[in-house]
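Asker: One file: model-v2.txt (compact mmCIF, C-alpha atoms).
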# COMPACT_ATOMS: atom_id res chain seq x y z
CA MET A 1 -9.01 11.46 6.14
CA ALA A 2 -6.48 13.85 7.62
CA PRO A 3 -5.72 13.51 11.34
CA ALA A 4 -7.96 15.82 13.37
CA ALA A 5 -8.12 17.17 16.86
CA THR A 6 -11.00 18.77 18.73
CA THR A 7 -10.97 21.70 21.11
CA ALA A 8 -13.60 23.43 23.19
CA SER A 9 -15.14 26.48 21.52
CA PRO A 10 -15.88 29.35 23.96
CA SER A 11 -19.40 30.74 23.76
CA ALA A 12 -20.14 34.42 23.12
CA SER A 13 -23.43 34.15 25.04
CA PRO A 14 -24.01 33.63 28.76
CA GLU A 15 -25.57 30.25 27.95
CA PRO A 16 -23.22 27.24 28.24
CA ASN A 17 -21.92 26.08 24.87
CA PHE A 18 -20.38 22.65 24.53
CA GLY A 19 -19.77 22.82 20.78
CA TYR A 20 -16.48 21.76 19.23
CA ALA A 21 -14.41 23.13 16.37
CA ARG A 22 -12.44 20.81 14.10
CA LEU A 23 -8.80 21.72 13.63
CA LEU A 24 -7.16 20.34 10.48
CA MET A 25 -3.55 19.32 10.95
CA PRO A 26 -0.95 19.98 8.23
CA ARG A 27 -0.40 17.10 5.87
CA ARG A 28 2.42 14.76 6.79
CA ARG A 29 5.02 13.53 4.31
CA PHE A 30 6.99 10.35 4.92
CA LEU A 31 9.67 10.35 2.22
CA PHE A 32 12.31 7.65 1.74
CA ASP A 33 15.05 7.82 -0.90
CA GLN A 34 16.43 4.31 -1.47
CA PRO A 35 15.80 3.17 2.13
CA ASP A 36 17.77 0.44 3.84
CA ARG A 37 14.70 -1.80 3.71
CA PHE A 38 11.32 -1.63 1.96
CA VAL A 39 9.00 -4.62 2.26
CA THR A 40 5.44 -5.78 2.54
CA GLY A 41 4.45 -7.98 5.46
CA THR A 42 1.54 -9.03 7.62
CA ILE A 43 0.40 -9.20 11.22
CA GLY A 44 -2.05 -11.91 12.23
CA THR A 45 -2.97 -15.43 11.14
CA PRO A 46 -4.09 -16.55 7.63
CA GLY A 47 -7.65 -15.41 7.09
CA ASN A 48 -7.21 -12.60 9.62
CA ARG A 49 -4.07 -10.85 8.38
CA THR A 50 -3.42 -7.10 8.20
CA PHE A 51 -1.08 -6.10 5.37
CA PHE A 52 1.55 -3.37 5.62
CA LEU A 53 4.10 -1.56 3.51
CA GLN A 54 7.10 -0.72 5.67
CA ALA A 55 10.26 1.32 5.02
CA ARG A 56 13.30 1.60 7.27
CA ASP A 57 16.18 4.03 6.85
CA GLY A 58 18.64 4.05 9.74
CA VAL A 59 16.60 4.27 12.94
CA ARG A 60 13.51 5.68 11.17
CA THR A 61 10.78 3.10 10.53
CA VAL A 62 7.39 3.91 8.98
CA ALA A 63 4.52 1.64 7.92
CA VAL A 64 1.13 2.05 6.28
CA SER A 65 -1.63 -0.56 6.36
CA LEU A 66 -3.57 -1.58 3.27
CA GLU A 67 -5.74 -4.32 1.79
CA LYS A 68 -4.42 -7.59 0.40
CA VAL A 69 -5.86 -6.75 -3.02
CA GLN A 70 -3.87 -3.50 -3.02
CA VAL A 71 -0.66 -5.43 -2.36
CA ALA A 72 -1.53 -7.89 -5.13
CA VAL A 73 -2.25 -5.17 -7.68
CA LEU A 74 0.82 -3.16 -6.70
CA THR A 75 3.01 -6.25 -7.04
CA ALA A 76 1.60 -7.09 -10.47
CA ARG A 77 1.92 -3.52 -11.78
CA LEU A 78 5.43 -3.16 -10.36
CA ASN A 79 6.46 -6.41 -12.04
CA ASP A 80 5.01 -5.16 -15.35
CA LEU A 81 6.96 -1.91 -14.99
CA LEU A 82 10.18 -3.82 -14.32
CA GLU A 83 9.64 -5.96 -17.41
CA GLU A 84 9.22 -2.78 -19.49
CA LEU A 85 12.44 -1.42 -18.00
CA VAL A 86 14.22 -4.66 -18.92
CA GLN A 87 13.20 -4.07 -22.53
CA ARG A 88 14.72 -0.60 -22.27
CA GLY A 89 17.99 -2.00 -20.96
CA ILE A 90 17.80 -0.32 -17.53
CA ASP A 91 20.52 -1.61 -15.17
CA GLY A 92 19.21 -3.86 -12.40
CA ALA A 93 15.69 -4.21 -13.79
CA GLY A 94 16.30 -7.81 -14.85
CA GLU A 95 18.32 -8.79 -11.79
CA ILE A 96 17.26 -12.13 -10.37
CA PRO A 97 16.54 -11.87 -6.61
CA ASP A 98 18.29 -14.14 -4.14
CA ALA A 99 16.73 -17.58 -3.85
CA VAL A 100 15.72 -16.91 -0.23
CA GLY A 101 15.74 -13.12 -0.03
CA ASP A 102 14.33 -11.11 2.88
CA THR A 103 12.27 -13.47 5.01
CA ARG A 104 12.45 -11.50 8.27
CA SER A 105 9.32 -10.23 9.96
CA LEU A 106 8.36 -6.58 9.92
CA ASP A 107 10.62 -4.29 11.93
CA GLU A 108 9.58 -3.25 15.41
CA PRO A 109 8.20 -0.88 16.41
CA LEU A 110 5.74 -1.10 13.52
CA ASN A 111 4.92 2.65 13.65
CA GLU A 112 1.79 2.63 11.46
CA VAL A 113 1.15 6.23 10.32
CA PHE A 114 -2.05 5.80 8.29
CA ARG A 115 -4.17 3.43 6.19
CA ALA A 116 -3.55 3.67 2.45
CA GLY A 117 -6.43 4.65 0.21
CA THR A 118 -4.74 4.89 -3.20
CA LEU A 119 -1.34 3.96 -4.58
CA ALA A 120 0.64 5.48 -7.42
CA LEU A 121 3.60 4.10 -9.34
CA GLY A 122 6.01 5.94 -11.61
CA TRP A 123 9.48 6.06 -13.14
CA ASP A 124 12.03 8.82 -12.56
CA THR A 125 13.89 8.96 -15.87
CA ALA A 126 16.59 11.37 -14.69
CA ASP A 127 17.66 9.31 -11.66
CA GLU A 128 16.53 5.92 -13.03
CA LEU A 129 14.54 5.19 -9.89
CA ILE A 130 11.06 3.78 -9.36
CA LEU A 131 8.65 6.02 -7.42
CA LEU A 132 5.96 4.46 -5.28
CA GLU A 133 3.46 6.53 -3.32
CA ALA A 134 0.75 5.57 -0.86
CA ARG A 135 -1.87 8.23 -0.04
CA GLU A 136 -3.90 8.27 3.12
CA LEU A 137 -7.43 6.86 2.98
CA THR A 138 -9.97 9.69 2.69
CA ASP A 139 -13.75 9.95 3.00
CA ASP A 140 -13.97 10.00 -0.81
CA ASP A 141 -12.05 6.72 -1.02
CA GLU A 142 -14.41 5.12 1.50
CA GLU A 143 -17.48 6.38 -0.39
CA ASP A 144 -16.11 4.95 -3.65
CA ASP A 145 -15.55 1.63 -1.90
CA ASP A 146 -19.11 1.65 -0.52
CA GLU A 147 -20.41 2.24 -4.04
CA GLY A 148 -18.61 -0.84 -5.28
CA ALA A 149 -15.64 0.82 -6.96
CA ASP A 150 -13.11 -1.63 -8.43
CA LEU A 151 -10.10 -0.98 -6.23
CA SER A 152 -8.04 -3.40 -8.24
CA ASP A 153 -8.09 -0.91 -11.12
CA ASP A 154 -7.80 2.29 -9.13
CA ASP A 155 -5.25 1.58 -6.43
CA THR A 156 -2.20 1.92 -8.66
CA ASP A 157 -1.94 4.65 -11.28
CA GLU A 158 0.56 3.59 -13.89
CA ASP A 159 0.79 3.92 -17.65
CA GLU A 160 2.00 0.44 -18.57
CA ASP A 161 2.76 1.49 -22.15
CA ASP A 162 5.03 4.38 -21.17
CA PRO A 163 6.90 4.33 -17.85
CA ASP A 164 8.04 7.90 -18.55
CA GLU A 165 4.45 9.17 -18.46
CA ASP A 166 4.01 11.86 -15.79
CA ILE A 167 2.27 10.43 -12.74
CA ASP A 168 -0.18 12.55 -10.77
CA PHE A 169 1.78 12.55 -7.52
CA HIS A 170 0.61 14.99 -4.89
CA ASP A 171 2.36 18.35 -4.82
CA ASP A 172 4.79 18.31 -1.91
CA ALA A 173 4.34 22.08 -1.47
CA ALA A 174 0.60 21.79 -0.77
CA GLU A 175 -0.18 21.92 2.94
CA ASP A 176 -3.58 20.25 2.67
CA GLY A 177 -4.64 16.89 1.29
CA PRO A 178 -3.98 13.31 2.35
CA ASP A 179 -0.78 12.28 4.08
CA ILE A 180 1.91 10.81 1.82
CA PHE A 181 4.22 7.81 2.11
CA ARG A 182 6.65 7.98 -0.83
CA ILE A 183 9.52 5.65 -1.71
CA ARG A 184 12.23 5.91 -4.37
CA LEU A 185 13.73 2.53 -5.26
CA ALA A 186 16.44 1.24 -7.56
CA PRO A 187 15.07 -1.40 -9.98
CA ALA A 188 17.09 -4.15 -8.27
CA ALA A 189 15.50 -3.27 -4.90
CA ALA A 190 12.06 -3.28 -6.54
CA ARG A 191 12.76 -6.82 -7.78
CA GLN A 192 13.49 -7.88 -4.22
CA PHE A 193 10.23 -6.24 -3.07
CA VAL A 194 8.23 -8.16 -5.71
CA ALA A 195 9.85 -11.49 -4.80
CA ARG A 196 8.99 -11.11 -1.13
CA ALA A 197 5.48 -9.76 -1.85
CA LEU A 198 4.66 -12.84 -3.93
CA ARG A 199 5.69 -15.09 -1.02
CA VAL A 200 3.63 -13.02 1.44
CA LEU A 201 0.56 -13.18 -0.78
CA ALA A 202 0.93 -16.95 -1.26
CA ALA A 203 1.23 -17.56 2.49
CA GLY A 204 -2.47 -16.93 3.12
CA ARG A 205 -5.34 -19.37 3.17
CA PRO A 206 -5.14 -22.14 0.53
CA PRO A 207 -7.70 -21.94 -2.27
CA CYS A 208 -10.70 -24.25 -2.50
CA PRO A 209 -9.98 -26.90 -5.19
CA LEU A 210 -13.49 -26.45 -6.57
CA CYS A 211 -14.25 -22.70 -6.58
CA GLY A 212 -10.88 -21.10 -5.85
CA GLN A 213 -12.11 -19.09 -2.86
CA PRO A 214 -9.92 -19.07 0.28
CA LEU A 215 -10.46 -21.99 2.64
CA ASP A 216 -10.95 -21.29 6.33
CA PRO A 217 -9.55 -23.82 8.81
CA GLN A 218 -13.09 -25.06 9.44
CA GLY A 219 -13.87 -25.16 5.70
CA HIS A 220 -16.24 -22.89 3.74
CA LEU A 221 -19.61 -22.82 2.03
CA CYS A 222 -18.62 -23.74 -1.51
CA PRO A 223 -20.87 -22.37 -4.32
CA ARG A 224 -19.77 -25.30 -6.53
CA ARG A 225 -21.36 -27.62 -3.98
CA ASN A 226 -24.59 -25.63 -3.73
CA GLY A 227 -23.50 -23.95 -0.52
CA HIS A 228 -22.55 -27.16 1.30
CA LEU A 229 -19.64 -27.02 3.73
CA LEU A 230 -16.37 -28.15 2.22
CA ASN A 231 -13.62 -29.14 4.65
Go ahead and express the file in the form of structure tokens.

Answerer:
Amino acid sequence: MAPAATTASPSASPEPNFGYARLLMPRRRFLFDQPDRFVTGTIGTPGNRTFFLQARDGVRTVAVSLEKVQVAVLTARLNDLLEELVQRGIDGAGEIPDAVGDTRSLDEPLNEVFRAGTLALGWDTADELILLEARELTDDDEEDDDEGADLSDDDTDEDEDDPDEDIDFHDDAAEDGPDIFRIRLAPAAARQFVARALRVLAAGRPPCPLCGQPLDPQGHLCPRRNGHLLN
């Protein structure tokens, strides 16, 4: 939902009027073209982590928060896209990331600008760059989630069979609509993003050896043990 502000609305009658009018702010666009750093990271402890996508270019740092499942799906789809680009012979798509890579924490200040509702992934054929866009969470996104929508299918819009397929990115000229966080990455930088994202995802709670669900420090009620606590 777009950021909003409220202001007192003067009354045309002698009676006091304490109503408010909603003022829509212009959409914000956070655009990064091959930034100095683009990573996913977390704040908090396993089982209570908040996930972020963060870009830094010079002194400008911007982050958006999102769900773990969104990071997982984005990472998988981005890896699939890179594999397709390898088959096409695109430079850097098959580059093997450093053994250690970027292990630093998220940059400070975090500067979270919005929570991501949907993600889109595409390929810029002319510049041979990967396009990644996060769109601000809207009321429609929240309603879909309440209705049980499968976010794992909807968060990333990519045609896996044809990376050149036009992606429905938001029109930059439109002044309304959700805020945008858009990144353009070289394939080699995308490989580095995937390598780090896999480590971040694996650093959460260990899975239960019986049912595969995440284990809390105090254990969990395992359905494979008829709801008994498994430590």

Asker: Using all atoms listed in the file, find the one residue out of A:Gly177, A:Gly44, A:Pro109, A:Gly101 that sits nearest to Arg196 in chain A.

Answerer: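 Going through A:Gly177, A:Gly44, A:Pro109, A:Gly101 one by one, the smallest distance to Arg196 in chain A is for A:Gly101.
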
Asker: Just give me the gap between CA of Arg29 in chain A and CA of Pro178 in chain A in Å, one decimal is fine.

Answerer: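 Taking CA of Arg29 in chain A and CA of Pro178 in chain A, their separation equals 9.2 Å.
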
Asker: Taking into account all atoms listed in the file, which residue in the set A:Gly122, A:Pro35, A:Gly94, A:Gly204 is nearest to Asp57 in chain A?

Answerer: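 Of the candidates, the smallest distance to Asp57 in chain A is held by A:Pro35.
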
Asker: Find the residue from A:Pro187, A:Glu83, A:Pro97, A:Leu201 that sits nearest to Asp124 in chain A; use all atoms listed in the file when measuring.

Answerer: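 The answer is A:Pro187, which sits nearest to Asp124 in chain A.
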
Asker: Here is a test: counting all atoms listed in the file, which residue of A:Arg28, A:Lys68, A:Arg88, A:Arg37 is nearest to Arg184 in chain A?

Answerer: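 Answer, going by the shortest atom-to-atom distance: A:Arg37.
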
Asker: Using all atoms listed in the file, pick whichever of A:Ala190, A:Ala197, A:Leu78, A:Ala203 has the shortest atom-to-atom distance to Glu95 in chain A.

Answerer: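 Residue with the minimum atom-to-atom distance to Glu95 in chain A: A:Ala190.
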
Asker: Please measure the separation of CA of Glu112 in chain A and CA of Val62 in chain A, giving the value in Å to one decimal.

Answerer: 6.3 Å

Asker: In Å, how far is it from CA of Leu53 in chain A to CA of Val200 in chain A?

Answerer: 11.7 Å

Asker: Quick one: residues within 12 Å of Gly58 in chain A, all atoms listed in the file, excluding same-chain residues fewer than 3 positions away - as a list in words?

Answerer: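 Neighbouring residues, sequence-local ones excluded: Phe32, Asp33, Gln34, Pro35, Asp36, Arg37, Ala55, Thr61, Val62 and Asp107 of chain A.
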